[in-house]
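J.: Please find one structure pasted underneath; my questions will follow.
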Amino acid sequence: MLLFVGLVVLGNYLTQWFIEQLNTEINPSNEATVHRIILVSMFTYAILMSIPFVPGAEIGVAALMILGPEIALFVYLATLTALSLSFFVGRFIPEKILINFLKDLHLRRASQLLNDFEDLDSQQRLNLLVSRSPKRFLPFLLKYRYIALMMAINMPGNIVIGGGGGIALMAGFSRLFTPSMYLLTVAIAVSPIPVVMMIYGNIFS
């Protein structure tokens with residue numbers, strides 16, 4: 001648990017640090033340095049955004065605001081890479097690790113639910129969730145879970161539910177999303193701003 005908290009704190013610190021680096025002015029004397037900063041920032045952005053509760057998306061937004069449409073494709077690909085990485089980590093992480101982590105956080109109901117998930121296939125997990133859900137909203141969200149995922153990724157303030165990295169991690173862990181459909185959903189979900197910038201230029205100016 002302490003390792004995870006330390007990772008989140010470090011991730012938040014690095015996010016702010018890299019945003020400050022992006023504010024470096026470009027001139028003939030430092031152009032090569034700025035290009036290196038951009039490359040390192042995109043790599044770091046992908047890593048940070050994959051970590052739950054780290055607002056790594058701020059690096060992407062800052063890069064788009066400061067550097068404009070020229071960087072839009074790189075931001076898009078880095079975002080897609082980050083959310084794919086989190087998803088596959090969640091998909092292959094041993095269930096006992098996450099169950100014990102939730103127990104350490106005293107989230108007993110969540111840990112018990114994941115414990116009940118063990119040895120169930122995707123359809124059985126879906127049926128279990130529906131059977132235990134309030135009858136009004138959650139079954140609807142589970143049925144249209146790919147649309148719900150798309151909305152969650154783009155929801156302002158989603159950092160409180162884990163941010164993009166946390167959402168992707170739990171999507172993978174749940175086994176309720178097939179890899180191909182997940183990747184397609186995320187590719188669409190994170191595309192609007194980069195695509196608009198590539199077509200129409202800097203929308204932040």
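Ordering of the structure tokens sets the chain letters (A, B, ...), residue numbers begin anew at 1 in every chain, and ligands are numbered from 1 in the order given.
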Please report, as a tab-separated table, each residue of region 42-92 of chain A lying at most 8 Å from region 147-164 of chain A, together with the nearest pair of atoms and the separation in Å rounded to one decimal; use only C-alpha atoms, and order rows by chain and ascending residue number.

T.:
residue	atom	partner	partner_atom	distance
A:Met49	CA	A:Gly164	CA	6.6
A:Ser50	CA	A:Gly164	CA	7.1
A:Pro52	CA	A:Gly162	CA	4.9
A:Phe53	CA	A:Gly162	CA	4.5
A:Val54	CA	A:Gly163	CA	6.8
A:Pro55	CA	A:Ile159	CA	6.7
A:Leu83	CA	A:Gly164	CA	6.7

J.: With N, CA and C atoms kept, could you save the residues just selected as a short mmCIF file (atom, residue, chain, number, x, y, z; two decimals), in the first residue's frame?

T.:
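Once everything was written out, this is again_39.cif:
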data_model
loop_
_atom_site.label_atom_id
_atom_site.label_comp_id
_atom_site.auth_asym_id
_atom_site.auth_seq_id
_atom_site.Cartn_x
_atom_site.Cartn_y
_atom_site.Cartn_z
N MET A 49 -0.02 8.52 -17.19
CA MET A 49 -1.46 8.38 -17.38
C MET A 49 -1.92 6.96 -17.12
N SER A 50 -1.03 5.99 -17.23
CA SER A 50 -1.41 4.61 -16.98
C SER A 50 -1.52 4.29 -15.50
N PRO A 52 -3.11 4.71 -11.85
CA PRO A 52 -4.36 5.19 -11.24
C PRO A 52 -4.13 6.39 -10.33
N PHE A 53 -5.08 7.32 -10.36
CA PHE A 53 -5.11 8.51 -9.51
C PHE A 53 -3.97 9.50 -9.79
N VAL A 54 -3.33 9.37 -10.94
CA VAL A 54 -2.32 10.36 -11.35
C VAL A 54 -2.88 11.14 -12.53
N PRO A 55 -2.98 12.47 -12.42
CA PRO A 55 -3.59 13.28 -13.50
C PRO A 55 -2.62 13.48 -14.66
N LEU A 83 -3.64 3.99 -21.87
CA LEU A 83 -4.87 3.32 -21.45
C LEU A 83 -4.87 1.84 -21.86
#

J.: Tell me which protein, DNA and RNA residues are within 9 Å of Arg91 (chain A), counting only C-alpha atoms, leaving out same-chain ones fewer than 2 positions away, and put them as an NGL selection string.

T.: :A and (86-89 or 93-94 or 169-175)

J.: May I have the residues from that selection written out with C-alpha atoms, as a compact mmCIF listing (two decimals), in the first residue's frame?

T.:
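The resulting file, out-v8.txt, is reproduced below:
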# COMPACT_ATOMS: atom_id res chain seq x y z
CA SER A 86 -3.35 -0.11 -17.85
CA PHE A 87 -6.03 -2.35 -19.33
CA PHE A 88 -3.67 -5.24 -20.01
CA VAL A 89 -2.00 -4.88 -16.61
CA ILE A 93 -2.70 -9.00 -12.64
CA PRO A 94 -3.27 -11.86 -10.15
CA LEU A 169 -7.05 -0.96 -14.96
CA MET A 170 -10.43 -1.96 -13.51
CA ALA A 171 -11.88 -2.50 -16.98
CA GLY A 172 -9.14 -5.01 -17.65
CA PHE A 173 -9.45 -6.64 -14.25
CA SER A 174 -13.22 -7.06 -14.59
CA ARG A 175 -12.81 -9.23 -17.73

J.: With distances taken over only C-alpha atoms, which of A:Val75, A:Met42, A:Ile99, A:Gln112 is nearest to Val190 (chain A)?

T.: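 Nearest to Val190 (chain A): A:Val75.
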
J.: As a PyMOL selection string, please: all residues of region 66-128 of chain A that backbone DSSP puts in alpha helix (DSSP H).

T.: chain A and resi 66-67+72-92+95-104+108-117+122-128
